[in-house]
4 protein chains.
Amino acid sequence: MISKIREGDYVLLYLDDKRTYLVRAERGKVLHTHKGFVRIDDFIGREFGVRVKSSMGVEFIVFKPGIRDYIYKSLRGTQVIYPKDIALIILYGNIQPGSRIVEAGTGVGALTTALASYVRPSGKVYGYEVREEFLEIARKNLERAGLLEYVELKIKDVTLGFDEREVDAVILDMATPWLVVPHAYVALKGGGSFISFSPTIDQVVKTVEELRVHGFAYIETIECLVRRMRVERGKTRPETLMTGHTGYITFARKALKEMPESPIESSSIPT
Amino acid sequence: MISKIREGDYVLLYLDDKRTYLVRAERGKVLHTHKGFVRIDDFIGREFGVRVKSSMGVEFIVFKPGIRDYIYKSLRGTQVIYPKDIALIILYGNIQPGSRIVEAGTGVGALTTALASYVRPSGKVYGYEVREEFLEIARKNLERAGLLEYVELKIKDVTLGFDEREVDAVILDMATPWLVVPHAYVALKGGGSFISFSPTIDQVVKTVEELRVHGFAYIETIECLVRRMRVERGKTRPETLMTGHTGYITFARKALKEMPESPIESSSIPT
Amino acid sequence: MISKIREGDYVLLYLDDKRTYLVRAERGKVLHTHKGFVRIDDFIGREFGVRVKSSMGVEFIVFKPGIRDYIYKSLRGTQVIYPKDIALIILYGNIQPGSRIVEAGTGVGALTTALASYVRPSGKVYGYEVREEFLEIARKNLERAGLLEYVELKIKDVTLGFDEREVDAVILDMATPWLVVPHAYVALKGGGSFISFSPTIDQVVKTVEELRVHGFAYIETIECLVRRMRVERGKTRPETLMTGHTGYITFARKALKEMPESPIESSSIPT
Amino acid sequence: MISKIREGDYVLLYLDDKRTYLVRAERGKVLHTHKGFVRIDDFIGREFGVRVKSSMGVEFIVFKPGIRDYIYKSLRGTQVIYPKDIALIILYGNIQPGSRIVEAGTGVGALTTALASYVRPSGKVYGYEVREEFLEIARKNLERAGLLEYVELKIKDVTLGFDEREVDAVILDMATPWLVVPHAYVALKGGGSFISFSPTIDQVVKTVEELRVHGFAYIETIECLVRRMRVERGKTRPETLMTGHTGYITFARKALKEMPESPIESSSIPT
């Protein structure tokens, strides 16, 4: 089934690798760029991937925004969590379609957007944030990405605890994750994933110490470096500039504290 | 709802960060390790995350296997694609619940397993592989992970083309990805994702050149380095050994070739 | 013996880690900065490391410039070779006090400056460069660093060969190093070091192929990444931005081509 | 002047990039390897770089050992400081021919060997070590490299202070560098270099704090990653395994504490 651009869709107008525009496809609307204006009417009803020309004759391509595009476009004006880190959080944290997960702090919803897209259609993200103005932006970002229905946003201080129980994962992107470790334990199901993203090594140490005290296991901390390549025959090389650090990601799983009371008897050694 | 271990479940018996065992929970069964044996009956019916003792009194924790565990356990004896790379493939490649994707070559199904888990419940992975013996292992790995229903395995040489059309993504993990670029173009929907994983820079250059020729856009090549941290107060440091290279990942999106025929007329410049 | 600042010395006025000024200590002279002016007379005759105040009351420290300072200050307006790479070139290339080395292309003399400082007092650097305007800047940079006497600058195209023989090392920082490999072989003493710095992987491949053809051995290519740390109790973390790539460095040693004619006879096997 | 192999010289017998042998050229001696034996007489009197055949017909190349070879060969059985780190210590620390430097702890002398070679011919390394058995090995390693005359080895606990004054650099490779910062300050000349190598981030934080307290400036901490490339047309790629961490290196310069008493008077503002 061919995927057509419908009125109301969000689209990504791609000029080049550095310049893309996330816009809503509305009849009669025009996107103004320094390379001329693009008429939205030119591509409504066409297939995604279509090329259009601006008034200055410059070519744009109309893409359906991917999750990474929504992440990038929601970052304006706040601290960032990069797609590279989100990717590892999701896979290493075992975030899956159907997962019920708690996230704090939601901020403007960049990570929330990605999480929501992967717990679809039957899962849920409970997003905690204390700053109401951020939560409002998060709501708009989620709405724009068509993912608001998979998220419940909550204005609440998580150092006082979570409302949910038996969740599959707790994901923390906040200044004092170690304060929330006991609450994460309570909220998680047995074996559930604890995930924390922190820029400084001191946050990591405090958090890992708390994890050890509170019965978590399989604790690991990683950092991820992504380097872009400039690919051109005869001139191929890594890019000169790269992001050297965003943060460390700590993963752990909830182990139950009590040991079951069925000791192995020496008489029952199998053969 | 508390998640209990049922008979027939696969479980991950965790001894420490280096030693875990993926076993099927069968009544009467016993897992033999160098730290003594563990009786499966000791944990059937209990909650995931439960701790059990081996015959030597060593503690194991019973986890529900995550996607990463299934990936690691399917790698035996074949070339590997690491979870770090799979994570980026999924997020950057915009693999989503509901996506229809083509993958070649499937090998023993490590990447396939991860892909299948994220396209659930309504998506599908079409996995191509020419080596029948690998496909048989892939089938077992997918079955074990409970994901076989989301995958269609095909013994077929993809340099001859794909059967599918209008797919969301084409993912290549093969020696000659550049030969498949034209077929990927045909199989993809407009704006769909092309993804290729290659160990050598020469494969990357050839593939990117083909992508440029065949009308792909938003082409980028990255490599990902993950470094583990040893976290302990007073002794925190990165791990000494790390994987310095697995492969480069190239992403691109299918742009349509023809330009629509509705040029902007100078009389209609908006104001 | 205490090291005093004498008239005529070059000094490094240090404001903070980002802002330093390389100036000549001349009586009556004044350094104007956006933090006020500093009177040179305030520190002539004092010990290096002394603190002085600008007219705005801002503190500067007067350091003796190190080799790295001279390198940084000679880079203006040209392509750079970073101190990290120079450091590896010198140690891995076995550049030592007394070494006689050939360098091409010299450019504005950043690498030359470092090399000259390490071959002192009895060694020599033969610096080749085809662009006369660069060589003039190189001469000034070397003079300022007090190292001109250890360098012989030559305006000459090295793809036509070197004048020197039996040198300890040949160091290439040029666009087409592979063209110079045969000349390097001729110029080097037996076992001498070949070193080439190149930004692109294609330059490396061509150069290494030539090295193999021309009887070099112990060939290795590396890249070096340096990451800075921000160190502050409770906030320690790597810096956000880093240089992701400067270039690859290839090292090799000249092996003699002919094999000596004294074969081991079976009768003389030692016991 | 052609460089001949003389009796008594140390030579590096090179089999391949992974297997080299550091041996003394003695008449009548034979080197036994798993690729057959090599007769030393076969190459005494020949030029460095000469190829010789073992009794099994396998080719070896006879190189003059470089500083890096001596470093590698002195590492057996002790904690290591890698050549990559030594290279940065020397350049960033401004270790130069003629420098007088203090080093603690010397260990088996790997770093000492490199330092000694670069302060030649008029400089000196004062090497402190508390473990006498290590110092004995260090002495042998330095003797073998022909560098013992540039080093004074001392069995002494540096947390009690250094004997030297007005040195150009103090280099610490020890478990508690922060305890030595005040002594380093006393030993250094104005503007002199402080350098510390530490595996853990906690050592770095403590040391940098002490440096700030004790009047050091221009403080920076870095880590260095070196990645090897496998270069072969059509198969070029970084090596799979790499060393992910050795240690952090901290650099600082001694600033004088007191401010000179010649304040700038407002009447003397230059124009």
# chains A, B, ... in the order shown; residues from 1 in each chain; ligands from 1
$ interface_residues --of "chain D" --to "chain C" --cutoff "6 Å" --atoms "only C-alpha atoms" --output "number ranges by chain"
D: 17, 48-51, 63, 66, 87-88, 91, 94, 190-191, 218, 221-229, 255-256, 259
$ write_last_selection --atoms "C-alpha atoms" --output "PDB file, in the first residue's frame"
ATOM      1  CA  ASP D  17      54.100  -7.415  14.040  1.00  0.00           C
ATOM      2  CA  PHE D  48      70.653  -2.603  10.606  1.00  0.00           C
ATOM      3  CA  GLY D  49      67.533  -3.564   8.723  1.00  0.00           C
ATOM      4  CA  VAL D  50      69.207  -6.686   7.348  1.00  0.00           C
ATOM      5  CA  ARG D  51      67.134  -9.817   6.736  1.00  0.00           C
ATOM      6  CA  PHE D  63      66.312  -3.740  13.748  1.00  0.00           C
ATOM      7  CA  GLY D  66      63.613   1.991  19.346  1.00  0.00           C
ATOM      8  CA  ALA D  87      54.232  10.120  24.260  1.00  0.00           C
ATOM      9  CA  LEU D  88      51.693  12.628  25.566  1.00  0.00           C
ATOM     10  CA  LEU D  91      55.227  16.429  24.632  1.00  0.00           C
ATOM     11  CA  ASN D  94      57.423  19.742  27.765  1.00  0.00           C
ATOM     12  CA  GLY D 190      58.517  28.506  38.471  1.00  0.00           C
ATOM     13  CA  GLY D 191      56.331  27.474  35.566  1.00  0.00           C
ATOM     14  CA  TYR D 218      46.875  25.585  33.470  1.00  0.00           C
ATOM     15  CA  THR D 221      43.203  16.183  32.440  1.00  0.00           C
ATOM     16  CA  ILE D 222      42.988  14.064  29.348  1.00  0.00           C
ATOM     17  CA  GLU D 223      42.681  10.475  28.312  1.00  0.00           C
ATOM     18  CA  CYS D 224      44.121   9.072  25.117  1.00  0.00           C
ATOM     19  CA  LEU D 225      42.675   6.303  22.978  1.00  0.00           C
ATOM     20  CA  VAL D 226      44.733   4.749  20.227  1.00  0.00           C
ATOM     21  CA  ARG D 227      43.038   2.547  17.673  1.00  0.00           C
ATOM     22  CA  ARG D 228      44.951   0.428  15.209  1.00  0.00           C
ATOM     23  CA  MET D 229      43.842   0.064  11.615  1.00  0.00           C
ATOM     24  CA  ALA D 255      52.492  29.351  39.309  1.00  0.00           C
ATOM     25  CA  LEU D 256      54.204  31.426  41.976  1.00  0.00           C
ATOM     26  CA  MET D 259      52.141  38.643  43.604  1.00  0.00           C
TER      27      MET D 259
END
$ atom_distance --atom1 "atom CA of C:Lys140" --atom2 "atom CA of C:Ala104"
17.7 Å
$ atom_distance --atom1 "atom CA of C:Lys35" --atom2 "atom CA of D:Phe251"
25.5 Å
$ residues_around --residues "A:Asp168" --least-positions-apart "6" --cutoff "6 Å" --atoms "only C-alpha atoms" --output "list of chain:residue names"
A:Ser99, A:Arg100, A:Ile101, A:Gly192
$ write_last_selection --atoms "C-alpha atoms" --output "compact mmCIF listing (two decimals), in the first residue's frame"
# COMPACT_ATOMS: atom_id res chain seq x y z
CA SER A 99 5.83 -2.50 28.07
CA ARG A 100 4.50 -0.40 30.91
CA ILE A 101 7.21 2.04 31.90
CA GLY A 192 12.26 -5.37 35.68
$ closest_residue --among "A:Val58, A:Leu22, A:Arg212, A:Gly107" --to "A:His34" --atoms "only C-alpha atoms"
A:Val58
$ select_by_dssp --residues "stretch 22-229 of chain C" --states "helix (DSSP H, G or I)" --output "PyMOL selection string"
chain C and resi 40-42+67-73+83-92+110-119+132-144+148-150+158-160+177-187+201-213
$ residues_around --residues "A:Arg131" --least-positions-apart "5" --cutoff "12 Å" --atoms "only C-alpha atoms" --output "count of residues only"
13
